[in-house]
>>> print(open('work-v3.txt').read())   # compact mmCIF, C-alpha atoms
# COMPACT_ATOMS: atom_id res chain seq x y z
CA MET A 1 25.56 -90.50 -39.94
CA ILE A 2 24.82 -92.11 -36.57
CA PHE A 3 26.40 -89.20 -34.69
CA SER A 4 24.37 -86.66 -36.63
CA LYS A 5 21.15 -88.51 -35.80
CA LEU A 6 22.13 -88.68 -32.13
CA LYS A 7 22.83 -84.93 -32.18
CA GLU A 8 19.44 -84.23 -33.79
CA THR A 9 17.76 -86.43 -31.17
CA ARG A 10 19.49 -84.57 -28.31
CA ASN A 11 18.52 -81.20 -29.82
CA SER A 12 14.91 -82.27 -30.24
CA ASP A 13 14.81 -83.55 -26.65
CA ARG A 14 16.30 -80.29 -25.37
CA ARG A 15 13.76 -78.26 -27.32
CA ALA A 16 10.95 -80.47 -26.02
CA ARG A 17 12.12 -79.84 -22.45
CA GLN A 18 12.21 -76.10 -23.10
CA LEU A 19 8.67 -76.23 -24.50
CA ASP A 20 7.54 -78.07 -21.37
CA LEU A 21 9.07 -75.30 -19.26
CA LEU A 22 7.33 -72.65 -21.35
CA ALA A 23 3.99 -74.35 -20.81
CA GLU A 24 4.26 -73.47 -17.11
CA PRO A 25 4.19 -69.93 -15.75
CA PRO A 26 7.61 -68.80 -14.49
CA GLU A 27 8.27 -69.45 -10.82
CA ALA A 28 9.57 -65.99 -10.05
CA GLY A 29 11.85 -66.79 -7.15
CA HIS A 30 10.47 -65.12 -4.05
CA GLU A 31 7.21 -64.33 -5.81
CA LEU A 32 3.99 -66.28 -5.55
CA PHE A 33 3.88 -69.59 -7.35
CA VAL A 34 0.80 -69.79 -9.57
CA GLY A 35 0.52 -73.53 -9.17
CA PHE A 36 -1.84 -76.32 -10.11
CA SER A 37 -4.82 -74.86 -8.28
CA SER A 38 -5.72 -72.14 -5.82
CA LEU A 39 -6.11 -74.80 -3.12
CA ARG A 40 -2.33 -75.14 -2.91
CA ASP A 41 -1.95 -71.43 -2.19
CA THR A 42 -4.72 -71.33 0.42
CA PHE A 43 -3.77 -74.54 2.24
CA SER A 44 -0.71 -73.00 3.90
CA SER A 45 1.54 -69.95 3.61
CA ARG A 46 4.51 -72.00 2.45
CA HIS A 47 4.37 -70.68 -1.13
CA HIS A 48 3.55 -67.09 -0.19
CA SER A 49 6.17 -64.44 -0.82
CA ARG A 50 7.33 -62.07 1.89
CA ASP A 51 5.74 -59.18 0.03
CA PHE A 52 2.38 -60.91 0.01
CA ALA A 53 2.87 -61.76 3.69
CA PHE A 54 2.94 -58.01 4.41
CA ALA A 55 -0.18 -57.42 2.30
CA HIS A 56 -1.87 -60.36 4.00
CA ALA A 57 -0.91 -59.04 7.44
CA ARG A 58 -2.34 -55.58 6.69
CA TYR A 59 -5.61 -57.15 5.54
CA LEU A 60 -5.64 -59.42 8.61
CA ARG A 61 -5.00 -56.43 10.87
CA SER A 62 -8.12 -54.65 9.62
CA ARG A 63 -10.16 -57.75 10.48
CA VAL A 64 -8.56 -57.99 13.92
CA LEU A 65 -9.44 -54.38 14.68
CA ALA A 66 -13.03 -54.77 13.48
CA LEU A 67 -13.76 -58.02 15.31
CA GLY A 68 -11.80 -56.94 18.38
CA ILE A 69 -13.95 -53.83 18.74
CA ILE A 70 -17.10 -55.97 18.47
CA PHE A 71 -15.87 -58.39 21.15
CA ALA A 72 -14.68 -55.56 23.41
CA VAL A 73 -18.11 -53.88 23.20
CA LEU A 74 -20.12 -57.07 23.69
CA SER A 75 -18.08 -58.25 26.67
CA PRO A 76 -19.18 -55.52 29.13
CA LEU A 77 -22.74 -55.68 27.78
CA TRP A 78 -22.86 -59.37 28.67
CA ILE A 79 -22.05 -58.44 32.27
CA VAL A 80 -25.50 -56.82 32.39
CA VAL A 81 -27.05 -60.04 31.06
CA ASP A 82 -25.20 -62.05 33.71
CA ALA A 83 -26.45 -59.72 36.45
CA LEU A 84 -30.06 -60.12 35.26
CA VAL A 85 -30.00 -63.88 34.67
CA LEU A 86 -27.43 -65.50 36.95
CA PRO A 87 -27.85 -65.99 40.71
CA ALA A 88 -25.71 -63.72 42.88
CA THR A 89 -23.55 -66.70 43.91
CA LEU A 90 -22.44 -67.18 40.31
CA LEU A 91 -21.58 -63.57 39.55
CA LYS A 92 -18.33 -63.76 41.48
CA TYR A 93 -17.19 -66.48 39.06
CA THR A 94 -18.10 -64.62 35.89
CA LEU A 95 -17.63 -60.94 36.72
CA VAL A 96 -13.86 -61.10 37.27
CA GLY A 97 -13.43 -63.20 34.15
CA ARG A 98 -15.46 -60.75 32.09
CA VAL A 99 -13.42 -57.79 33.28
CA VAL A 100 -10.13 -59.58 32.60
CA LEU A 101 -11.42 -60.61 29.15
CA MET A 102 -12.44 -57.05 28.30
CA LEU A 103 -9.09 -55.60 29.40
CA SER A 104 -7.21 -58.29 27.48
CA LEU A 105 -9.20 -57.51 24.35
CA VAL A 106 -8.31 -53.83 24.71
CA VAL A 107 -4.62 -54.75 24.97
CA VAL A 108 -4.92 -56.90 21.83
CA LEU A 109 -6.60 -54.02 20.00
CA LEU A 110 -3.85 -51.58 20.98
CA LEU A 111 -1.16 -54.07 19.99
CA ALA A 112 -2.76 -54.57 16.58
CA LEU A 113 -3.26 -50.83 16.13
CA PHE A 114 0.46 -50.11 16.53
CA SER A 115 1.68 -53.15 14.56
CA GLN A 116 1.16 -52.07 10.97
CA GLU A 117 4.25 -53.83 9.57
CA ARG A 118 4.76 -56.42 12.33
CA ILE A 119 3.57 -59.62 10.71
CA ARG A 120 4.10 -61.87 13.71
CA ARG A 121 2.41 -59.45 16.10
CA ILE A 122 -0.65 -59.19 13.86
CA ARG A 123 -0.93 -62.97 13.62
CA PHE A 124 -0.52 -63.18 17.39
CA CYS A 125 -3.33 -60.65 17.85
CA ALA A 126 -5.61 -62.65 15.55
CA SER A 127 -4.95 -65.85 17.47
CA MET A 128 -5.46 -64.13 20.83
CA LEU A 129 -8.76 -62.70 19.63
CA LEU A 130 -10.03 -66.28 19.40
CA ALA A 131 -8.07 -67.74 22.30
CA LEU A 132 -9.16 -65.21 24.96
CA PRO A 133 -12.94 -65.93 24.81
CA ALA A 134 -12.16 -69.66 24.64
CA ALA A 135 -9.92 -69.38 27.71
CA PHE A 136 -12.62 -67.41 29.53
CA TYR A 137 -15.20 -70.10 28.78
CA THR A 138 -12.80 -72.84 29.92
CA LEU A 139 -12.12 -70.96 33.16
CA VAL A 140 -15.84 -70.64 33.88
CA LEU A 141 -16.36 -74.37 33.28
CA VAL A 142 -13.49 -75.26 35.62
CA MET A 143 -14.32 -72.82 38.43
CA LEU A 144 -18.11 -73.13 38.44
CA PRO A 145 -19.70 -75.82 40.65
CA SER A 146 -21.14 -78.60 38.50
CA ASN A 147 -24.64 -78.17 39.98
CA GLU A 148 -24.73 -74.54 38.81
CA LEU A 149 -23.79 -75.08 35.15
CA HIS A 150 -27.43 -75.24 34.04
CA ASN A 151 -27.89 -71.60 35.12
CA LEU A 152 -25.37 -70.29 32.56
CA VAL A 153 -27.17 -68.53 29.70
CA GLY A 154 -25.47 -68.08 26.34
CA TYR A 155 -22.07 -69.40 27.41
CA GLY A 156 -22.46 -72.62 25.43
CA PHE A 157 -22.70 -70.50 22.30
CA ILE A 158 -19.07 -69.31 22.64
CA PRO A 159 -17.46 -72.19 20.63
CA PHE A 160 -20.00 -71.67 17.85
CA LEU A 161 -19.39 -67.92 17.84
CA LEU A 162 -15.62 -68.40 17.60
CA VAL A 163 -15.90 -70.94 14.77
CA ALA A 164 -18.14 -68.52 12.89
CA SER A 165 -15.59 -65.77 13.55
CA LEU A 166 -12.96 -67.83 11.72
CA SER A 167 -14.69 -66.97 8.45
CA VAL A 168 -13.96 -63.27 9.04
CA PHE A 169 -10.20 -63.79 8.87
CA PRO A 170 -8.23 -64.65 5.71
CA PHE A 171 -6.58 -67.59 7.45
CA THR A 172 -5.04 -70.46 5.53
CA LEU A 173 -6.91 -73.75 5.60
CA LEU A 174 -4.26 -75.28 7.84
CA GLU A 175 -4.53 -72.44 10.37
CA SER A 176 -8.33 -72.64 10.37
CA LEU A 177 -8.22 -76.40 10.79
CA PHE A 178 -5.97 -76.18 13.87
CA ALA A 179 -8.17 -73.48 15.40
CA GLY A 180 -11.30 -75.49 14.59
CA ILE A 181 -9.92 -78.65 16.19
CA ALA A 182 -9.10 -76.67 19.35
CA LEU A 183 -12.68 -75.30 19.48
CA LEU A 184 -14.13 -78.77 18.90
CA ALA A 185 -12.02 -79.96 21.84
CA LEU A 186 -13.43 -77.08 23.90
CA LEU A 187 -16.96 -78.18 23.03
CA VAL A 188 -16.18 -81.78 23.99
CA PHE A 189 -14.73 -80.59 27.31
CA SER A 190 -17.84 -78.54 28.07
CA GLN A 191 -20.06 -81.53 27.26
CA ILE A 192 -18.03 -83.77 29.56
CA VAL A 193 -18.40 -81.20 32.33
CA ASP A 194 -22.16 -80.75 31.93
CA GLY A 195 -22.81 -84.45 31.20
CA SER A 196 -24.11 -84.10 27.63
CA TRP A 197 -21.17 -85.91 26.01
CA LEU A 198 -22.33 -88.70 23.64
CA THR A 199 -25.99 -87.89 24.28
CA GLY A 200 -28.35 -86.95 21.49
CA ARG A 201 -28.04 -83.27 22.33
CA GLY A 202 -24.26 -83.50 22.56
CA VAL A 203 -23.88 -85.28 19.22
CA GLU A 204 -26.16 -82.73 17.58
CA ALA A 205 -24.06 -79.84 18.94
CA PHE A 206 -20.82 -81.51 17.81
CA TRP A 207 -22.20 -82.07 14.32
CA LEU A 208 -23.43 -78.48 14.12
CA LEU A 209 -20.03 -77.09 15.18
CA SER A 210 -18.26 -79.36 12.64
CA SER A 211 -20.57 -78.11 9.90
CA LEU A 212 -19.89 -74.49 10.86
CA LEU A 213 -16.17 -75.22 10.78
CA ALA A 214 -16.47 -76.60 7.23
CA VAL A 215 -18.36 -73.47 6.14
CA SER A 216 -15.76 -71.21 7.80
CA MET A 217 -12.89 -73.05 6.10
CA ALA A 218 -14.63 -72.67 2.74
CA ALA A 219 -15.01 -68.93 3.44
CA ASN A 220 -11.30 -68.76 4.35
CA HIS A 221 -10.40 -70.45 1.08
CA PHE A 222 -12.46 -68.10 -1.09
CA GLN A 223 -11.37 -65.02 0.84
CA LEU A 224 -7.67 -65.85 0.65
CA SER A 225 -7.98 -66.89 -3.01
CA LEU A 226 -9.53 -63.52 -3.83
CA LEU A 227 -6.81 -61.70 -1.91
CA LEU A 228 -4.11 -63.65 -3.74
CA ARG A 229 -5.69 -62.97 -7.12
CA LEU A 230 -6.04 -59.25 -6.46
CA TYR A 231 -2.47 -59.10 -5.18
CA ARG A 232 -1.14 -60.79 -8.30
CA GLN A 233 -3.13 -58.56 -10.61
CA ALA A 234 -1.89 -55.45 -8.81
CA THR A 235 1.78 -56.41 -8.50
CA HIS A 236 2.63 -58.90 -11.26
CA ASP A 237 3.10 -58.59 -15.00
CA PRO A 238 0.44 -60.81 -16.64
CA LEU A 239 2.72 -61.95 -19.47
CA THR A 240 5.85 -62.98 -17.58
CA GLY A 241 4.56 -63.47 -14.04
CA LEU A 242 7.31 -61.19 -12.69
CA PHE A 243 6.85 -58.10 -10.53
CA ASN A 244 5.57 -55.07 -12.42
CA ARG A 245 7.12 -51.61 -12.20
CA GLY A 246 4.93 -50.38 -9.34
CA ALA A 247 5.66 -53.44 -7.20
CA LEU A 248 9.37 -53.07 -7.96
CA GLU A 249 9.45 -49.49 -6.69
CA VAL A 250 7.65 -50.50 -3.50
CA HIS A 251 10.11 -53.35 -3.03
CA LEU A 252 13.04 -50.98 -3.53
CA ASP A 253 11.75 -48.72 -0.76
CA LYS A 254 11.39 -51.70 1.57
CA ILE A 255 14.93 -52.87 0.85
CA GLN A 256 16.35 -49.41 1.58
CA ALA A 257 14.38 -49.20 4.85
CA TRP A 258 15.65 -52.67 5.78
CA GLN A 259 19.23 -51.63 4.97
CA ARG A 260 18.93 -48.63 7.27
CA ASP A 261 17.54 -50.80 10.07
CA THR A 262 20.31 -53.38 9.74
CA GLU A 263 22.97 -50.65 9.74
CA ARG A 264 21.60 -49.23 12.99
CA LEU A 265 21.60 -52.67 14.60
CA ASP A 266 24.97 -53.78 13.23
CA CYS A 267 27.98 -51.50 13.42
CA ALA A 268 29.59 -53.45 10.55
CA GLY A 269 27.31 -51.71 8.06
CA SER A 270 24.27 -52.47 5.98
CA VAL A 271 23.81 -55.39 3.62
CA PRO A 272 24.79 -54.43 0.05
CA CYS A 273 22.27 -54.56 -2.75
CA SER A 274 22.95 -54.38 -6.48
CA LEU A 275 20.61 -53.49 -9.29
CA LEU A 276 20.73 -54.86 -12.84
CA MET A 277 18.82 -53.33 -15.72
CA LEU A 278 18.54 -55.60 -18.76
CA ASP A 279 17.30 -55.00 -22.28
CA LEU A 280 16.80 -57.49 -25.12
CA ASP A 281 18.95 -56.49 -28.08
CA GLU A 282 17.14 -55.78 -31.35
CA PHE A 283 13.84 -56.94 -29.90
CA LYS A 284 11.84 -54.79 -32.34
CA GLN A 285 13.19 -56.87 -35.19
CA ILE A 286 11.77 -60.01 -33.58
CA ASN A 287 8.29 -58.49 -33.49
CA ASP A 288 8.66 -57.24 -37.07
CA THR A 289 10.02 -60.54 -38.38
CA TYR A 290 8.10 -63.17 -36.43
CA GLY A 291 5.07 -61.29 -35.11
CA HIS A 292 4.04 -60.07 -31.67
CA SER A 293 2.87 -63.50 -30.50
CA VAL A 294 6.41 -64.84 -30.95
CA GLY A 295 7.75 -61.70 -29.29
CA ASP A 296 5.53 -62.33 -26.26
CA GLY A 297 6.82 -65.90 -26.12
CA VAL A 298 10.41 -64.64 -26.21
CA LEU A 299 9.69 -62.28 -23.30
CA SER A 300 8.26 -65.16 -21.28
CA GLN A 301 11.26 -67.35 -22.09
CA PHE A 302 13.63 -64.52 -21.18
CA ALA A 303 11.84 -64.07 -17.83
CA ASP A 304 12.26 -67.79 -17.19
CA VAL A 305 16.00 -67.52 -17.87
CA LEU A 306 16.30 -64.62 -15.42
CA VAL A 307 14.49 -66.49 -12.67
CA ARG A 308 16.67 -69.55 -13.13
CA GLN A 309 19.87 -67.51 -13.01
CA THR A 310 18.96 -65.62 -9.82
CA ARG A 311 18.39 -66.67 -6.23
CA LYS A 312 15.16 -67.13 -4.33
CA HIS A 313 15.55 -63.93 -2.29
CA ASP A 314 16.42 -61.81 -5.35
CA CYS A 315 13.71 -59.76 -7.01
CA THR A 316 13.09 -59.94 -10.76
CA ALA A 317 10.71 -57.48 -12.40
CA ARG A 318 9.57 -56.40 -15.83
CA TYR A 319 10.31 -52.70 -15.93
CA GLY A 320 8.54 -52.02 -19.21
CA GLY A 321 8.50 -53.38 -22.75
CA GLU A 322 11.65 -55.47 -23.21
CA GLU A 323 13.40 -53.94 -20.17
CA PHE A 324 13.81 -55.95 -16.96
CA VAL A 325 15.30 -55.21 -13.54
CA VAL A 326 16.93 -57.62 -11.10
CA LEU A 327 17.65 -56.72 -7.47
CA LEU A 328 20.50 -58.75 -6.00
CA LEU A 329 20.27 -58.56 -2.23
CA GLY A 330 23.57 -59.19 -0.49
CA SER A 331 25.67 -58.82 -3.68
CA ASP A 332 28.43 -56.24 -3.88
CA HIS A 333 29.75 -54.76 -7.12
CA ALA A 334 32.01 -57.71 -7.97
CA GLY A 335 29.30 -60.25 -7.24
CA ALA A 336 26.74 -58.32 -9.28
CA MET A 337 29.08 -58.13 -12.28
CA GLU A 338 29.66 -61.88 -12.08
CA ILE A 339 25.92 -62.63 -11.96
CA ALA A 340 25.24 -60.18 -14.80
CA GLU A 341 27.85 -61.88 -16.97
CA ARG A 342 26.34 -65.25 -16.14
CA ILE A 343 22.89 -64.01 -17.18
CA ARG A 344 24.31 -62.54 -20.40
CA PHE A 345 25.93 -65.87 -21.31
CA ALA A 346 22.79 -67.86 -20.40
CA VAL A 347 20.65 -65.67 -22.67
CA GLU A 348 23.14 -65.94 -25.52
CA SER A 349 23.20 -69.74 -25.16
CA PHE A 350 19.47 -70.27 -24.67
CA GLU A 351 17.42 -71.56 -27.61
CA PHE A 352 14.59 -69.08 -28.02
CA LEU A 353 12.08 -70.69 -30.36
CA ASP A 354 9.62 -69.35 -32.90
CA CYS A 355 6.30 -70.93 -33.93
CA GLU A 356 8.09 -73.40 -36.20
CA GLN A 357 10.47 -74.43 -33.42
CA GLN A 358 13.39 -72.67 -35.08
CA ARG A 359 15.99 -70.99 -32.93
CA ILE A 360 15.87 -67.21 -32.63
CA PRO A 361 19.33 -65.73 -31.89
CA LEU A 362 18.98 -63.32 -29.01
CA THR A 363 21.32 -61.41 -26.73
CA THR A 364 20.94 -58.96 -23.87
CA SER A 365 22.73 -55.84 -22.68
CA ILE A 366 23.01 -55.20 -18.94
CA GLY A 367 23.68 -52.15 -16.79
CA VAL A 368 24.90 -52.67 -13.22
CA THR A 369 24.84 -50.31 -10.25
CA GLN A 370 24.69 -50.34 -6.45
CA LEU A 371 21.55 -49.40 -4.52
CA ARG A 372 22.39 -46.84 -1.85
CA GLN A 373 20.21 -46.58 1.20
CA ASP A 374 20.38 -42.77 1.39
CA GLU A 375 19.19 -42.00 -2.14
CA PRO A 376 15.85 -42.09 -3.96
CA ALA A 377 15.36 -45.42 -5.69
CA GLN A 378 14.84 -43.59 -8.97
CA ASP A 379 18.46 -42.41 -8.85
CA ALA A 380 19.70 -46.02 -8.79
CA LEU A 381 17.37 -46.92 -11.65
CA ARG A 382 18.64 -43.96 -13.64
CA ARG A 383 22.28 -44.96 -13.09
CA ALA A 384 21.53 -48.52 -14.18
CA ASP A 385 19.72 -47.18 -17.25
CA ASP A 386 22.72 -45.00 -18.13
CA ALA A 387 25.01 -48.02 -17.81
CA LEU A 388 22.63 -50.00 -20.02
CA TYR A 389 22.70 -47.19 -22.58
CA ARG A 390 26.52 -47.35 -22.67
CA ALA A 391 26.35 -51.14 -23.08
CA LYS A 392 24.09 -50.67 -26.09
CA HIS A 393 26.49 -48.22 -27.68
CA ALA A 394 29.47 -50.48 -26.92
CA GLY A 395 28.12 -53.07 -29.36
CA ARG A 396 25.38 -54.78 -27.33
CA ASN A 397 25.57 -58.22 -25.70
CA CYS A 398 27.78 -56.91 -22.91
CA VAL A 399 27.74 -55.79 -19.27
CA MET A 400 28.54 -52.24 -18.19
CA ALA A 401 28.83 -50.86 -14.66
CA SER A 402 27.59 -47.41 -13.74
CA GLU A 403 30.19 -44.70 -13.52
CA PRO A 404 31.07 -43.69 -9.93
CA SER A 405 29.40 -40.51 -8.79
CA PRO A 406 31.69 -37.51 -8.30
CA SER A 407 32.77 -37.06 -4.70
>>> encode(input="work-v3.txt", output="C-alpha cells")
Amino acid sequence: MIFSKLKETRNSDRRARQLDLLAEPPEAGHELFVGFSSLRDTFSSRHHSRDFAFAHARYLRSRVLALGIIFAVLSPLWIVVDALVLPATLLKYTLVGRVVLMLSLVVVLLLALFSQERIRRIRFCASMLLALPAAFYTLVLVMLPSNELHNLVGYGFIPFLLVASLSVFPFTLLESLFAGIALLALLVFSQIVDGSWLTGRGVEAFWLLSSLLAVSMAANHFQLSLLLRLYRQATHDPLTGLFNRGALEVHLDKIQAWQRDTERLDCAGSVPCSLLMLDLDEFKQINDTYGHSVGDGVLSQFADVLVRQTRKHDCTARYGGEEFVVLLLGSDHAGAMEIAERIRFAVESFEFLDCEQQRIPLTTSIGVTQLRQDEPAQDALRRADDALYRAKHAGRNCVMASEPSPS
C-alpha cells in the first residue's frame, strides 16, 4: 500500500514537471529563445542564433551603406564651410583630416558593399562609421592650439550627431551603451580642452548628450525587437517554436555551401551531415479521439522531446503537419542511426498527456539519410521521406535508413 502511494506520488510529480515544461515555449537548440521579455533578446546577442545573426548583419549592412553615404557626402561639403568660416591658419589642421576622413569613409563603404555574408566585417564597418568622425574630432582637439578652439564652428556637434546616429543601427543595448560611454568620454575630453568642463554650459551639454543616448538606446531596443519578431514570424512555426519549412530549406543550402568551403580548405574532406525525417504514428487518431487542441499539445510536447534529444548546433524543424526534420551536423551514418534510435525510444517512453492528464501512447517512425554537398537539398529530403515510408510499412515505431543510390 505504501509503495503504491509512493509510486503514485512520483508519477504525479513527474507529470507536474512535464506540465511545467509545456508551459514554456520550446528552446529550439540553436534557435532564438523566446524568453521572459524582449529586453533579454535586445540586451546582448548572446541568445541570438547564427541564422538570425546573418539576417541581423544584412539589415545592419543596409544601414551602414545608407549612413556611410550621408557621411561621405557631408564630409567634403564641410570643407567648404571650413574655408568660409575658419581662419587660413586653421585650415591646415582641418583640411588634411577631412580628406583622410572622407577617404576612410569610402573604404568603409566599399568594405560593407562587398561583405554581404561577412558578419564580422559588417559589424566592423558599423563601428568604424562611428569611430572615424570621433577620431577626426579628437585629432582636431589635440592638434589645434588652445587659443584657436573658439573659432571652430559645428565641430562640437559631432558627439551629438554620432549619438543620434546610434538610433539608426539595430545595435544591442550593450553595444549602444559602450558606444555611448565612449562618446560621452569624447565630450568630456573636448570640454576639458576648451575649459567648459563642470561649468553650467558643460553640464548642460553632458546632460543633453546623456538624454540623447537614452533615446537612441530606446530606439535600438524597439528596432531590434521588431526585427526579432519579424524574423521569428517568417522562419519559425508558431505552434512548436521550431524552424518552419522555408527556413529549413534555407538552412540546408547554407550547410551545403559551408561543407563545400570546408572541403576546399581541408584536404581531409567536408564535415558530414545527416538528415532525419520523423512522423508521429497514428496522429490522426489522436485528433479524432481527443480533439485538435490535444493534438496541438502533443505536437508541442513532441517538439520539446526532439530539442532535448539533439544538440545545440543541430537544426530541428517542423516540415508540415505531424512531420519533422532534424539536421545532425557532424554526424555520420552510424551516429545518425544511434541518435534516431535514441529519439524513437524517448518518444515511446515520454508521457504525452491529454486534457485530463491521462497518458496518450505515442510512437514515431524515422527515416535517416546523409546530406550530400553536391546534390539539391530536395533530393536528400526525398530520400529521407522514402526511408520514413518504409519505416511506416515495416510496422511503425522504428528507424529505417535510406537505400544507397546506384553507382
>>> closest_residue(input="work-v3.txt", among="A:Leu144, A:Ser75, A:Lys92, A:Lys312", to="Ile158 (chain A)", atoms="all atoms listed in the file")
A:Ser75
>>> atom_distance(input="work-v3.txt", atom1="CA of Leu65 (chain A)", atom2="CA of Asp41 (chain A)")
25.1 Å
>>> atom_distance(input="work-v3.txt", atom1="CA of Leu84 (chain A)", atom2="CA of Leu67 (chain A)")
25.8 Å
>>> closest_residue(input="work-v3.txt", among="A:Leu139, A:Ala179, A:Ile360, A:Val250", to="Asn287 (chain A)", atoms="all atoms listed in the file")
A:Ile360
>>> closest_residue(input="work-v3.txt", among="A:Gly297, A:Leu275, A:Leu328, A:Ala303", to="Asp385 (chain A)", atoms="all atoms listed in the file")
A:Leu275
>>> residues_around(input="work-v3.txt", residues="Leu111 (chain A)", least_positions_apart="2", cutoff="12 Å", atoms="all atoms listed in the file", output="list in words")
Arg61, Val64, Leu65, Gly68, Ser104, Leu105, Val106, Val107, Val108, Leu109, Leu113, Phe114, Ser115, Gln116, Glu117, Arg118, Ile119, Arg120, Arg121, Ile122, Arg123, Phe124, Cys125, Ala126, Met128 and Leu129 of chain A
>>> closest_residue(input="work-v3.txt", among="A:Gly200, A:Gly367, A:Gly246, A:Gly291", to="Leu278 (chain A)", atoms="only C-alpha atoms")
A:Gly367
>>> closest_residue(input="work-v3.txt", among="A:Phe157, A:Pro133, A:Phe222, A:Leu227", to="Arg58 (chain A)", atoms="all atoms listed in the file")
A:Leu227
>>> atom_distance(input="work-v3.txt", atom1="CA of Phe352 (chain A)", atom2="CA of Arg245 (chain A)")
24.7 Å
>>> residues_near_point(input="work-v3.txt", point="(-15.9, -50.7, 33.3)", cutoff="10 Å", atoms="all atoms listed in the file", output="list in words")
Pro76, Ile79, Val99, Met102 and Leu103 of chain A
>>> closest_residue(input="work-v3.txt", among="A:Tyr389, A:Thr363, A:His56, A:Asp374", to="Arg260 (chain A)", atoms="all atoms listed in the file")
A:Asp374
>>> residues_around(input="work-v3.txt", residues="region 211-215 of chain A", least_positions_apart="2", cutoff="10 Å", atoms="all atoms listed in the file", output="list in words")
Phe160, Leu161, Leu162, Val163, Ala164, Ser165, Leu166, Ser167, Ser176, Leu177, Ala179, Gly180, Ile181, Leu183, Leu184, Ala205, Phe206, Trp207, Leu208, Leu209, Met217, Ala218, Ala219, Asn220 and His221 of chain A
>>> residues_around(input="work-v3.txt", residues="Phe52 (chain A)", least_positions_apart="2", cutoff="9 Å", atoms="all atoms listed in the file", output="ChimeraX atom specification")
/A:31-32,48-50,54-57,228,231
>>> write_last_selection(input="work-v3.txt", atoms="C-alpha atoms", output="CSV table (one decimal), in the frame of the given file")
chain,number,residue,atom,x,y,z
A,31,GLU,CA,7.2,-64.3,-5.8
A,32,LEU,CA,4.0,-66.3,-5.6
A,48,HIS,CA,3.6,-67.1,-0.2
A,49,SER,CA,6.2,-64.4,-0.8
A,50,ARG,CA,7.3,-62.1,1.9
A,54,PHE,CA,2.9,-58.0,4.4
A,55,ALA,CA,-0.2,-57.4,2.3
A,56,HIS,CA,-1.9,-60.4,4.0
A,57,ALA,CA,-0.9,-59.0,7.4
A,228,LEU,CA,-4.1,-63.6,-3.7
A,231,TYR,CA,-2.5,-59.1,-5.2
>>> axis_aligned_box(input="work-v3.txt", around="region 178-195 of chain A", padding_each_side="8 Å", output="AutoDock Vina command-line options")
--center_x -14.4 --center_y -79.0 --center_z 23.1 --size_x 32.8 --size_y 27.0 --size_z 34.5
>>> residues_near_point(input="work-v3.txt", point="(-23.1, -67.0, 31.2)", cutoff="12 Å", atoms="only C-alpha atoms", output="number ranges by chain")
A: 75, 77-87, 90-95, 97-98, 136-141, 144, 148-158
